[in-house]
Every structure is written in structure tokens, then in C-alpha cells.
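The structure appears right after this line, and notes come after that.
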Amino acid sequence: MELFESAAVHRGVSGTRGWVVAPIRGLDAPVPQGRYILVAEDLTPADTAALDLALVAGFCTASGGPTSHTVQVAHGLGIPAVVAASAGILALPPGTVCALDGDGGLLYAGLARADLHAAIRRGHEQAEQNRLRHQAALAGGPTPGGVTLSTTLVKPAQAAELAGSAASGIGLLATELLFLGREHEITDEDAHYLRRPDELLIAQLRALYRAAAAGARLRIMFPMVTTVEEFTRAAVLAQGIRGEM
């Protein structure tokens with residue numbers, strides 16, 4: 001027997017933990033009043049980082065995977081997510097009230113009134129369970145086997161939250177996402193950087209090595225490298241900046 005008999009169940013894969021009850025909205029549909037569950041074929045990491053968390057309570061995608069960069073960003077932001085739920089979710093009418101089960105990788109679509117109340121109660125119960133798990137992690141000290149827990153940092157403001165988390169540091173900082181949410185248009189100086197990408201990379205490398213000089217343990221990953229020459233060029237730049245610091 002399904003958890004909610006009135007609902008159609010769309011089975012996907014767990015992306016980020018959490019339980020949300022809200023109407024759904026597609027990328028091109030009118031924005032409903034209140035918070036909603038975003039439904040899409042897929043989301044890029046930049047799309048995910050730019051989501052308005054005051055409106056988007058969670059998301060469900062037809063494709064994608066649980067180890068994708070998009071899911072890592074969602075985890076860093078604390079957005080419940082289900083991925084790889086198939087194209088059936090894209091046919092759901094906008095405004096359909098759904099329950100998104102990020103833990104189980106399920107989307108319950110079309111909740112009747114009786115099931116809606118039960119879904120909301122379940123959300124409160126799951127939130128309390130997650131809170132208790134979080135407290136236990138904070139009180140538990142080092143993990144067995146000396147495993148170090150790190151977190152994904154998407155926005156600079158999240159750095160202050162590290163002190164109250166079980167993470168001992170930042171596992172992934174995608175510096176390209178820091179350019180999102182700019183309040184001004186691209187200037188001539190910005191365009192200069194876009195025309196000369198080495199200079200943009202150098203600025204980021206200098207910031208990283210300054211953090212390392214202050215005591216941070218640093219590992220740098222060059223994303224979206226397609227040739228050996230690209231990697232070699234980036235490595236040479238990194239070594240040069242490191243030698244200057």
C-alpha cells in the first residue's frame with residue numbers, strides 16, 4: 001500500500017534529504033503565491049545556486065543523478081531534491097499539490113485533503129528527526145575511523161554557518177558560483193576579464209593561495225578541462241602564483 005492512496009507516485013532518486021509539501025511549478029509557469037516545488041527536466045549548478053530559497057521549497061527533476069554537481073549545490077543550500085524521476089513529472093499541471101520526499105526519492109502528486117494533513121504532519125516529524133540527527137552528529141565528536149566531514153559552500157554567507165555544523169571545513173567551493181547574483185551589468189573591466197580568461201583564473205588562484213598562507217588546507221580542482229593542454233596551462237599558472245605568494 002502506498003503512503004498516500006490519493007496521490008500518484010513518481011519514483012526517482014534521493015538527491016538531498018528533506019520533506020516538502022507545496023504546489024509544483026515548472027520553469028516557465030507563472031509563480032504561485034507562497035513557496036513551491038520546482039519541477040524541471042534538469043537544472044544546472046548555476047540554476048540551482050540562483051534559486052530564491054524564499055520561494056523554492058524543493059525541486060524534482062526528470063533527469064540528472066544523485067552525484068551530480070547540481071545535487072552537491074542543492075545539498076550545500078539545504079534544498080530538498082529528488083532527481084531522475086522520469087518525464088512523467090513534466091506533465092503534471094502547475095499548482096498540483098505534492099509531497100516531495102528527498103530521503104526516499106519520491107514525489108507524491110495530487111494529494112487529497114485528508115492525505116494533505118498527513119503529509120504535513122510527516123514533514124514536521126521528519127524535520128524533527130533530522131534536527132536530532134544533526135545534534136547527535138555535533139555531540140558525537142570525531143567520526144569512527146577518523147573520517148573528516150566537510151561541506152559544500154555555495155554562497156559566502158554560508159561560511160558563518162560552519163561553526164554550528166558537524167563539518168570540519170569546506171569540501172567543495174565552486175568559485176564560479178560566486179559570480180552569480182551580481183547587482184550590476186557587465187562593465188568594460190568585466191568584459192576585459194572575459195576576453196582574457198587567464199586573468200580571471202589568476203585572480204581566483206591568488207585568493208586561494210592567500211587562504212592557504214593563512215593556514216587553510218587547500219586542494220584545487222580545475223573543472224570542465226577537455227584537453228591535456230588546458231590542464232597543463234592551468235597547472236603552470238597555479239605553480240607560478242604559488243611561487244609568488
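Simple scheme: letters A, B, ... for chains in C-alpha cells order, numbers from 1 for residues in each chain, numbers from 1 for ligands in the order shown.
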Range 86-119 of chain A near range 29-35 of chain A within 10 Å: what's each residue's closest atom pair and its distance in Å to one decimal, counting only C-alpha atoms, ordered by chain then ascending residue number, as a Markdown table?
```
| residue | atom | partner | partner_atom | distance |
| --- | --- | --- | --- | --- |
| A:Pro93 | CA | A:Ala29 | CA | 9.8 |
| A:Pro94 | CA | A:Ala29 | CA | 6.9 |
| A:Gly95 | CA | A:Pro32 | CA | 7.3 |
```
Tell me which protein, DNA and RNA residues are within 12 Å of range 206-210 of chain A, counting only C-alpha atoms, leaving out same-chain ones fewer than 5 positions away, and put them as an MDAnalysis selection string.
chainID A and resid 173:175 199:201 215:221 237:245
Once you have the residues from the selection above, write them out as a CSV table (one decimal), in the first residue's frame, restricted to N, CA and C atoms.
```csv
chain,number,residue,atom,x,y,z
A,173,LEU,N,34.3,24.3,-2.8
A,173,LEU,CA,33.9,25.7,-3.0
A,173,LEU,C,34.0,25.9,-4.5
A,174,ALA,N,32.8,26.0,-5.2
A,174,ALA,CA,32.8,26.3,-6.6
A,174,ALA,C,32.9,27.8,-6.9
A,175,THR,N,34.1,28.3,-7.2
A,175,THR,CA,34.3,29.7,-7.2
A,175,THR,C,33.5,30.4,-8.3
A,199,GLU,N,43.4,35.8,-16.8
A,199,GLU,CA,43.5,36.8,-15.7
A,199,GLU,C,42.4,36.6,-14.7
A,200,LEU,N,41.2,36.1,-15.1
A,200,LEU,CA,40.2,35.7,-14.2
A,200,LEU,C,40.6,34.5,-13.3
A,201,LEU,N,41.3,33.5,-14.0
A,201,LEU,CA,41.8,32.4,-13.2
A,201,LEU,C,42.8,32.8,-12.2
A,215,GLY,N,46.7,29.3,6.6
A,215,GLY,CA,46.6,28.1,7.4
A,215,GLY,C,45.6,27.1,6.8
A,216,ALA,N,44.9,27.5,5.7
A,216,ALA,CA,43.9,26.6,5.2
A,216,ALA,C,44.5,25.4,4.4
A,217,ARG,N,44.0,24.2,4.6
A,217,ARG,CA,44.5,23.1,3.8
A,217,ARG,C,43.8,23.1,2.5
A,218,LEU,N,44.5,23.2,1.4
A,218,LEU,CA,43.9,23.5,0.1
A,218,LEU,C,44.2,22.5,-0.9
A,219,ARG,N,43.1,22.1,-1.7
A,219,ARG,CA,43.2,21.3,-2.9
A,219,ARG,C,42.4,22.0,-4.0
A,220,ILE,N,43.0,22.2,-5.1
A,220,ILE,CA,42.4,22.9,-6.2
A,220,ILE,C,42.0,21.9,-7.3
A,221,MET,N,40.8,22.0,-7.8
A,221,MET,CA,40.3,21.2,-8.9
A,221,MET,C,40.0,22.1,-10.1
A,237,LEU,N,50.0,28.0,-14.4
A,237,LEU,CA,49.5,29.3,-13.8
A,237,LEU,C,49.5,29.1,-12.3
A,238,ALA,N,49.0,28.0,-11.8
A,238,ALA,CA,48.9,27.8,-10.4
A,238,ALA,C,50.3,27.7,-9.7
A,239,GLN,N,51.2,27.0,-10.4
A,239,GLN,CA,52.5,27.0,-9.8
A,239,GLN,C,53.2,28.3,-9.8
A,240,GLY,N,52.9,29.1,-10.8
A,240,GLY,CA,53.5,30.5,-10.9
A,240,GLY,C,53.0,31.4,-9.8
A,241,ILE,N,51.7,31.3,-9.5
A,241,ILE,CA,51.1,32.1,-8.5
A,241,ILE,C,51.5,31.6,-7.1
A,242,ARG,N,51.7,30.3,-7.0
A,242,ARG,CA,52.1,29.8,-5.7
A,242,ARG,C,53.5,30.3,-5.4
A,243,GLY,N,54.4,30.3,-6.4
A,243,GLY,CA,55.7,30.8,-6.2
A,243,GLY,C,55.8,32.3,-5.8
A,244,GLU,N,54.8,33.1,-6.2
A,244,GLU,CA,54.8,34.5,-5.9
A,244,GLU,C,54.4,34.8,-4.5
A,245,MET,N,53.6,33.9,-3.9
A,245,MET,CA,53.0,34.1,-2.6
A,245,MET,C,54.0,33.9,-1.4
```
For Ala46 in chain A, the nearest of the candidates A:Ala99, A:Ala109, A:Ala22, A:Val73, counting only C-alpha atoms:
A:Val73
What lies within 10 Å of Gly104 in chain A using only C-alpha atoms, ignoring chain neighbours under 3 positions off, as a PyMOL selection string?
chain A and resi 11-19+82+100-101+107
From the list A:Thr151, A:Ser63, A:Gln72, A:Gln126, which residue is nearest Pro45 in chain A when using only C-alpha atoms?
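Closest candidate: A:Gln72.
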What's the 9 Å shell around Gly76 in chain A, counting only C-alpha atoms, without same-chain residues fewer than 3 positions away, as an NGL selection string?
:A and (71-73 or 79 or 151-155 or 158)
List every residue of range 19-144 of chain A that DSSP, applied to the backbone, labels as helix (DSSP H, G or I), and write the result as a ChimeraX atom specification.
/A:45-49,69-77,87-91,113-139,144
I need the residue nearest His75 in chain A from this list: A:Leu172, A:Ala8, A:Cys98, A:Ala62. Use only C-alpha atoms for the distance.
A:Leu172
Kindly indicate which residue among A:Arg233, A:Arg25, A:Val228, A:Ala7 lies nearest to Ala114 in chain A, using only C-alpha atoms for the distances.
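Of the candidates, the smallest distance to Ala114 in chain A is held by A:Ala7.
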Per DSSP on the backbone, what are the strand (DSSP E or B) residues of range 84-135 of chain A, as a PDB file with all heavy atoms, in the first residue's frame?
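Listing of part27.pdb after writing:
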```pdb
ATOM      1  N   VAL A  97      -0.767  20.021  -5.893  1.00  0.00           N
ATOM      2  CA  VAL A  97      -0.173  19.932  -4.561  1.00  0.00           C
ATOM      3  C   VAL A  97       0.537  18.590  -4.419  1.00  0.00           C
ATOM      4  O   VAL A  97      -0.057  17.531  -4.646  1.00  0.00           O
ATOM      5  CB  VAL A  97      -1.240  20.093  -3.464  1.00  0.00           C
ATOM      6  CG1 VAL A  97      -0.603  19.933  -2.079  1.00  0.00           C
ATOM      7  CG2 VAL A  97      -1.909  21.454  -3.577  1.00  0.00           C
ATOM      8  N   CYS A  98       1.805  18.651  -4.053  1.00  0.00           N
ATOM      9  CA  CYS A  98       2.639  17.452  -3.989  1.00  0.00           C
ATOM     10  C   CYS A  98       3.392  17.388  -2.668  1.00  0.00           C
ATOM     11  O   CYS A  98       3.573  18.397  -1.982  1.00  0.00           O
ATOM     12  CB  CYS A  98       3.661  17.450  -5.131  1.00  0.00           C
ATOM     13  SG  CYS A  98       2.952  17.416  -6.788  1.00  0.00           S
ATOM     14  N   ALA A  99       3.837  16.188  -2.350  1.00  0.00           N
ATOM     15  CA  ALA A  99       4.773  15.986  -1.249  1.00  0.00           C
ATOM     16  C   ALA A  99       6.074  15.472  -1.852  1.00  0.00           C
ATOM     17  O   ALA A  99       6.077  14.471  -2.576  1.00  0.00           O
ATOM     18  CB  ALA A  99       4.225  14.986  -0.236  1.00  0.00           C
ATOM     19  N   LEU A 100       7.155  16.174  -1.586  1.00  0.00           N
ATOM     20  CA  LEU A 100       8.477  15.799  -2.090  1.00  0.00           C
ATOM     21  C   LEU A 100       9.244  15.116  -0.967  1.00  0.00           C
ATOM     22  O   LEU A 100       9.498  15.721   0.078  1.00  0.00           O
ATOM     23  CB  LEU A 100       9.228  17.041  -2.565  1.00  0.00           C
ATOM     24  CG  LEU A 100      10.634  16.817  -3.122  1.00  0.00           C
ATOM     25  CD1 LEU A 100      10.553  16.211  -4.519  1.00  0.00           C
ATOM     26  CD2 LEU A 100      11.416  18.122  -3.163  1.00  0.00           C
ATOM     27  N   ASP A 101       9.594  13.858  -1.175  1.00  0.00           N
ATOM     28  CA  ASP A 101      10.338  13.080  -0.186  1.00  0.00           C
ATOM     29  C   ASP A 101      11.784  12.962  -0.651  1.00  0.00           C
ATOM     30  O   ASP A 101      12.135  12.075  -1.428  1.00  0.00           O
ATOM     31  CB  ASP A 101       9.699  11.698  -0.036  1.00  0.00           C
ATOM     32  CG  ASP A 101      10.422  10.820   0.983  1.00  0.00           C
ATOM     33  OD1 ASP A 101      11.377  11.313   1.625  1.00  0.00           O
ATOM     34  OD2 ASP A 101      10.035   9.646   1.134  1.00  0.00           O
ATOM     35  N   LEU A 106      11.053  10.313  -3.787  1.00  0.00           N
ATOM     36  CA  LEU A 106       9.682  10.171  -4.279  1.00  0.00           C
ATOM     37  C   LEU A 106       8.987  11.521  -4.371  1.00  0.00           C
ATOM     38  O   LEU A 106       9.249  12.428  -3.574  1.00  0.00           O
ATOM     39  CB  LEU A 106       8.867   9.267  -3.347  1.00  0.00           C
ATOM     40  CG  LEU A 106       9.377   7.840  -3.137  1.00  0.00           C
ATOM     41  CD1 LEU A 106       8.600   7.169  -2.013  1.00  0.00           C
ATOM     42  CD2 LEU A 106       9.264   7.036  -4.423  1.00  0.00           C
ATOM     43  N   LEU A 107       8.087  11.631  -5.351  1.00  0.00           N
ATOM     44  CA  LEU A 107       7.200  12.781  -5.458  1.00  0.00           C
ATOM     45  C   LEU A 107       5.772  12.257  -5.464  1.00  0.00           C
ATOM     46  O   LEU A 107       5.377  11.511  -6.360  1.00  0.00           O
ATOM     47  CB  LEU A 107       7.469  13.577  -6.740  1.00  0.00           C
ATOM     48  CG  LEU A 107       6.588  14.821  -6.928  1.00  0.00           C
ATOM     49  CD1 LEU A 107       7.006  15.925  -5.959  1.00  0.00           C
ATOM     50  CD2 LEU A 107       6.655  15.332  -8.371  1.00  0.00           C
ATOM     51  N   TYR A 108       4.999  12.626  -4.430  1.00  0.00           N
ATOM     52  CA  TYR A 108       3.588  12.251  -4.339  1.00  0.00           C
ATOM     53  C   TYR A 108       2.771  13.401  -4.916  1.00  0.00           C
ATOM     54  O   TYR A 108       2.753  14.499  -4.353  1.00  0.00           O
ATOM     55  CB  TYR A 108       3.182  12.003  -2.886  1.00  0.00           C
ATOM     56  CG  TYR A 108       3.909  10.860  -2.215  1.00  0.00           C
ATOM     57  CD1 TYR A 108       5.062  11.095  -1.470  1.00  0.00           C
ATOM     58  CD2 TYR A 108       3.441   9.558  -2.314  1.00  0.00           C
ATOM     59  CE1 TYR A 108       5.730  10.051  -0.838  1.00  0.00           C
ATOM     60  CE2 TYR A 108       4.104   8.506  -1.689  1.00  0.00           C
ATOM     61  CZ  TYR A 108       5.249   8.766  -0.955  1.00  0.00           C
ATOM     62  OH  TYR A 108       5.905   7.731  -0.330  1.00  0.00           O
ATOM     63  N   ALA A 109       2.080  13.152  -6.019  1.00  0.00           N
ATOM     64  CA  ALA A 109       1.394  14.224  -6.741  1.00  0.00           C
ATOM     65  C   ALA A 109      -0.118  14.106  -6.612  1.00  0.00           C
ATOM     66  O   ALA A 109      -0.689  13.023  -6.778  1.00  0.00           O
ATOM     67  CB  ALA A 109       1.782  14.186  -8.218  1.00  0.00           C
TER      68      ALA A 109
END
```
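You can rank A:Ala235, A:Val225, A:Leu116, A:Ala40 by their closest distance to Ala84 in chain A using only C-alpha atoms, and at the top of that list sits A:Ala40.
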Name the residues in contact with Leu43 in chain A at a cut-off of 10 Å, using only C-alpha atoms, excluding same-chain residues fewer than 6 positions from it; report them as an NGL selection string.
:A and (27 or 49 or 59-64 or 69-71 or 83)
With only C-alpha atoms as the atoms that count, which of A:Gly123, A:Gly88, A:Pro80, A:Pro23 lies nearest to Leu111 in chain A?
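For Leu111 in chain A, the nearest of the candidates is A:Pro23.
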Expressed in Å to a single decimal, how great is the separation between CA of Leu92 in chain A and CA of Ile120 in chain A?
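Taking CA of Leu92 in chain A and CA of Ile120 in chain A, their separation equals 20.6 Å.
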Could you state the separation of CA of Gly78 in chain A and CA of Gly58 in chain A in Å, given to one decimal place?
9.1 Å
